[in-house]
Amino acid sequence: MRYKPENPLIVQSDLSLLLEVASPRYTEARDALLAFAELVKSPEYIHTWRINRLSLWNAAAAGHTADEVLATLEDLSRYPLPETIRPKLEGWLGEYGRLRLTRDGEWLRLEADDPHDLEAVRTLSEVSDLFEPVPGGRALRVHPRRRGELKQALTAVGHPVQDLAGYTDGEALEMSLAEVLPDGRSWSMRDYQRAAVDAFHGGPLAGSGVVVLPCGAGKTIVGIAAMVRLGMRTMILCAGNTALRQWRREILRRTTLREDQVGEYTSAKKQLCPVTLTTYQLLTWRPDARSAAPHMDILSEAPWGLVIYDEVHLLPAPVFRESAALQARRRLGLTATLVREDGCEGDVFALVGPRRFDMPWKKLEEQGWIAAARCVEVRVPLSDEDRRRYVAAGKVAKYQIAVKNARKVAHLEALLAQHADEPVLVLGTYIDQLEWIARRLRLPLITGKTPGPDREVLYAKFRAGELRVLLLSRVGNASLDLPNASVAVQVAGTWGSRQEEAQRLGRLLRPNPDGKPAHFYSLVTADSREQEFAERRQLFLSEQGYPYRIEHVT
């Protein structure tokens, strides 16, 4: 391949990729890389991506081949590809599908074309007690109850399993999508929502996997439509009670199901209905560390045909252990980002399924389905006194001092004045900082301690325009429907969480009737540890095409 100076990509032998932002082909390249790579660094001019095993396993599960990935890299690369690239790609992509889990009567079979692959996993200490040998040496028997445990363990040691064992059908449930909403308006699904449902229900992996769409793009509608198409009893796991109630409202608005068919299994209500909504917190609750999770036992025994994991990127580690028992059910994960700061992306892949549908955020913005957004990082200096404290402090204390920089409040006030006619969310992490802001600026605040009815009142006032500014702790990160919000000011984030950054921007992405762009501001202390973590937080949004403009203030 000849040298192509007009191309934006440099492919290196360690599978890191350098992408030139100023290139006319930058957007094309960024969207192509999303299928099999992830962004690592995003400074102003050159973005660094990396291909890893999990990104290639997801690509393989979606039907991409090594030849297709290589053709994409060759088409975009400025220089000839290193000779070591092809064997690495072929090796990692080829790992997915070498081990297959199939049905064998009441048992499952782990199969491989090469007996050496079976021998390699049979002797692994992590899974050696999960198998029984089968005559002929081409398979190992697995008890159905160990299905999830096996996939999770093998994925963790580099042996992904293609699960072709099928599912136990749940109890049938007659339902359809409503053509008209309760207020008399007609509605229909968008093309990409239909495509997401088709992807989940189609192909050899039909019935398990993750749909990735930005906040405001209608992931709930995708989940409802997937449930309706299947026509079976469904359990929906939500990130909290606010999200649970929003799901219930949407199900009743957009389907023919009756009120008594859609139940809540919460601390306040214990309704087991044809469609049951519960929370991750309740699912994993146990009276003490040695006890089993009682609600999981109750819920796993119901004849579900589908389990929907809302905000699957938030799936707590204990749910991974408990949900291994649900592998015989169809499983749909919904999320705006598969990024996890705890490194458990592989567990989502193994126990919920591979990525089945993904659409770049900017494509939906171009089509008008989500709002355009402008991201600005406002760098605020410390006072002389706080700078002296900062210099003398340890690492953790440095971060705390930077995050709680009192000078941020003056710039928050300036932004509130700048957007005086727009609904604004002020987002934070540290309760004492938010309470201080609430007192000083006389603004309403919602935290985890705010009673549910009080939260709903404040949310309703904000939606109605009676409140222009609302302060939110981390309870506002996920599954919160405040469609009129057009400005967010982040006064503090959770260390370097890319996941949180994506969720917080997502609060603003429902299109405005006037077509104005949304504005997402991050107040960050200049020349501090907070600034270092902010650069990491912004990676996912940069991957989706949202560069941050930097403003320095005095």
# chains A, B, ... in the order shown; residues from 1 in each chain; ligands from 1

$ residues_around --residues "region 216-222 of chain A" --least-positions-apart "4" --cutoff "6 Å" --atoms "only C-alpha atoms" --output "list in words"
Gln193, Leu509 and Arg510 of chain A

$ write_last_selection --atoms "C-alpha atoms" --output "PDB file, in the first residue's frame"
ATOM      1  CA  GLN A 193     -35.426   2.327  16.965  1.00  0.00           C
ATOM      2  CA  LEU A 509     -30.118  15.915  24.458  1.00  0.00           C
ATOM      3  CA  ARG A 510     -33.854  16.020  23.890  1.00  0.00           C
TER       4      ARG A 510
END

$ select_by_dssp --residues "region 149-332 of chain A" --states "strand (DSSP E or B)" --output "VMD selection string"
chain A and resid 161 to 163 172 177 180 186 208 to 212 232 234 to 238 255 262 to 265 270 275 to 279 306 to 309 330 to 332

$ residues_around --residues "region 481-490 of chain A" --least-positions-apart "3" --cutoff "7 Å" --atoms "only C-alpha atoms" --output "number ranges by chain"
A: 422-428, 463, 507-508, 510, 518-523

$ write_last_selection --atoms "N, CA and C atoms" --output "PDB file, in the first residue's frame"
ATOM      1  N   GLU A 422     -33.358  30.215  30.302  1.00  0.00           N
ATOM      2  CA  GLU A 422     -33.334  28.790  29.956  1.00  0.00           C
ATOM      3  C   GLU A 422     -33.368  27.924  31.220  1.00  0.00           C
ATOM      4  N   PRO A 423     -33.951  26.721  31.120  1.00  0.00           N
ATOM      5  CA  PRO A 423     -33.960  25.795  32.260  1.00  0.00           C
ATOM      6  C   PRO A 423     -32.561  25.213  32.465  1.00  0.00           C
ATOM      7  N   VAL A 424     -32.048  25.299  33.695  1.00  0.00           N
ATOM      8  CA  VAL A 424     -30.657  24.932  33.994  1.00  0.00           C
ATOM      9  C   VAL A 424     -30.624  23.862  35.083  1.00  0.00           C
ATOM     10  N   LEU A 425     -29.808  22.827  34.865  1.00  0.00           N
ATOM     11  CA  LEU A 425     -29.497  21.846  35.889  1.00  0.00           C
ATOM     12  C   LEU A 425     -28.088  22.113  36.401  1.00  0.00           C
ATOM     13  N   VAL A 426     -27.923  22.170  37.713  1.00  0.00           N
ATOM     14  CA  VAL A 426     -26.604  22.282  38.321  1.00  0.00           C
ATOM     15  C   VAL A 426     -26.290  20.921  38.926  1.00  0.00           C
ATOM     16  N   LEU A 427     -25.217  20.279  38.451  1.00  0.00           N
ATOM     17  CA  LEU A 427     -24.922  18.891  38.779  1.00  0.00           C
ATOM     18  C   LEU A 427     -23.661  18.797  39.624  1.00  0.00           C
ATOM     19  N   GLY A 428     -23.724  18.025  40.698  1.00  0.00           N
ATOM     20  CA  GLY A 428     -22.565  17.875  41.568  1.00  0.00           C
ATOM     21  C   GLY A 428     -22.460  16.485  42.141  1.00  0.00           C
ATOM     22  N   ARG A 463     -40.245  20.720  35.101  1.00  0.00           N
ATOM     23  CA  ARG A 463     -40.808  20.418  33.777  1.00  0.00           C
ATOM     24  C   ARG A 463     -41.832  21.465  33.364  1.00  0.00           C
ATOM     25  N   ARG A 507     -28.639  14.395  29.820  1.00  0.00           N
ATOM     26  CA  ARG A 507     -29.799  15.085  30.382  1.00  0.00           C
ATOM     27  C   ARG A 507     -30.286  16.207  29.473  1.00  0.00           C
ATOM     28  N   LEU A 508     -29.446  16.645  28.511  1.00  0.00           N
ATOM     29  CA  LEU A 508     -29.756  17.831  27.701  1.00  0.00           C
ATOM     30  C   LEU A 508     -30.106  17.503  26.252  1.00  0.00           C
ATOM     31  N   ARG A 510     -32.545  16.007  24.549  1.00  0.00           N
ATOM     32  CA  ARG A 510     -33.854  16.020  23.890  1.00  0.00           C
ATOM     33  C   ARG A 510     -33.962  17.321  23.086  1.00  0.00           C
ATOM     34  N   ALA A 518     -27.956  22.789  23.046  1.00  0.00           N
ATOM     35  CA  ALA A 518     -27.799  22.685  24.490  1.00  0.00           C
ATOM     36  C   ALA A 518     -26.384  23.100  24.867  1.00  0.00           C
ATOM     37  N   HIS A 519     -26.196  23.497  26.129  1.00  0.00           N
ATOM     38  CA  HIS A 519     -24.883  23.906  26.611  1.00  0.00           C
ATOM     39  C   HIS A 519     -24.537  23.110  27.865  1.00  0.00           C
ATOM     40  N   PHE A 520     -23.362  22.489  27.839  1.00  0.00           N
ATOM     41  CA  PHE A 520     -22.895  21.674  28.959  1.00  0.00           C
ATOM     42  C   PHE A 520     -21.574  22.257  29.455  1.00  0.00           C
ATOM     43  N   TYR A 521     -21.597  22.829  30.656  1.00  0.00           N
ATOM     44  CA  TYR A 521     -20.418  23.464  31.228  1.00  0.00           C
ATOM     45  C   TYR A 521     -19.851  22.598  32.359  1.00  0.00           C
ATOM     46  N   SER A 522     -18.539  22.489  32.407  1.00  0.00           N
ATOM     47  CA  SER A 522     -17.864  21.852  33.536  1.00  0.00           C
ATOM     48  C   SER A 522     -16.958  22.882  34.188  1.00  0.00           C
ATOM     49  N   LEU A 523     -17.195  23.168  35.465  1.00  0.00           N
ATOM     50  CA  LEU A 523     -16.329  24.074  36.214  1.00  0.00           C
ATOM     51  C   LEU A 523     -15.206  23.251  36.834  1.00  0.00           C
TER      52      LEU A 523
END

$ residues_around --residues "Arg442 (chain A)" --least-positions-apart "4" --cutoff "12 Å" --atoms "only C-alpha atoms" --output "compact mmCIF listing (two decimals) with C-alpha atoms, in the first residue's frame"
# COMPACT_ATOMS: atom_id res chain seq x y z
CA GLU A 413 -23.76 32.75 39.05
CA LEU A 434 -24.25 21.38 46.88
CA GLU A 435 -25.92 22.35 50.16
CA TRP A 436 -23.63 25.37 50.44
CA ILE A 437 -24.49 26.42 46.87
CA ALA A 438 -28.20 25.88 47.55
CA LEU A 467 -38.48 26.29 38.58
CA VAL A 469 -32.76 26.12 38.15
CA LEU A 470 -32.51 22.77 39.92
CA LEU A 471 -29.51 21.39 41.84

$ residues_around --residues "region 33-40 of chain A" --least-positions-apart "6" --cutoff "7 Å" --atoms "only C-alpha atoms" --output "list in words"
Thr48, Trp49, Arg50, Ile51, Asn52, Ser55, Leu56, Ala59, Leu539 and Glu543 of chain A

$ closest_residue --among "A:Arg329, A:Lys449, A:Arg455, A:Lys269" --to "Gly305 (chain A)" --atoms "only C-alpha atoms"
A:Arg329

$ residues_around --residues "Pro354 (chain A)" --least-positions-apart "4" --cutoff "8 Å" --atoms "only C-alpha atoms" --output "list in words"
Asn58, Ala61, Ala62, Ser208, Gly209, Val210, Val348, Phe349 and Ala350 of chain A

$ write_last_selection --atoms "C-alpha atoms" --output "PDB file, in the first residue's frame"
ATOM      1  CA  ASN A  58     -18.020  -7.287  20.134  1.00  0.00           C
ATOM      2  CA  ALA A  61     -20.452 -10.877  17.538  1.00  0.00           C
ATOM      3  CA  ALA A  62     -21.871  -8.135  15.294  1.00  0.00           C
ATOM      4  CA  SER A 208     -29.487 -11.460  24.146  1.00  0.00           C
ATOM      5  CA  GLY A 209     -27.341  -8.367  23.854  1.00  0.00           C
ATOM      6  CA  VAL A 210     -26.999  -4.654  24.401  1.00  0.00           C
ATOM      7  CA  VAL A 348     -21.804  -7.262  30.629  1.00  0.00           C
ATOM      8  CA  PHE A 349     -20.597  -8.982  27.435  1.00  0.00           C
ATOM      9  CA  ALA A 350     -20.722 -12.447  29.031  1.00  0.00           C
TER      10      ALA A 350
END

$ atom_distance --atom1 "CA of Leu299 (chain A)" --atom2 "CA of Gln271 (chain A)"
10.6 Å

$ closest_residue --among "A:Phe131, A:Tyr430, A:Tyr548, A:Trp247" --to "Arg474 (chain A)" --atoms "only C-alpha atoms"
A:Tyr430

$ atom_distance --atom1 "CA of Leu110 (chain A)" --atom2 "CA of Leu124 (chain A)"
14.3 Å

$ residues_around --residues "Gly231 (chain A)" --least-positions-apart "3" --cutoff "10 Å" --atoms "only C-alpha atoms" --output "ChimeraX atom specification"
/A:170-176,225-228,234,305-306

$ atom_distance --atom1 "CA of Leu19 (chain A)" --atom2 "CA of Glu68 (chain A)"
19.0 Å

$ closest_residue --among "A:Ser383, A:Gln503, A:Ser291, A:Thr168" --to "Thr335 (chain A)" --atoms "only C-alpha atoms"
A:Gln503

$ closest_residue --among "A:Asp310, A:Glu301, A:Glu466, A:Glu530" --to "Pro381 (chain A)" --atoms "only C-alpha atoms"
A:Glu530

$ closest_residue --among "A:Arg185, A:Lys41, A:Lys408, A:Arg330" --to "Met232 (chain A)" --atoms "only C-alpha atoms"
A:Arg330
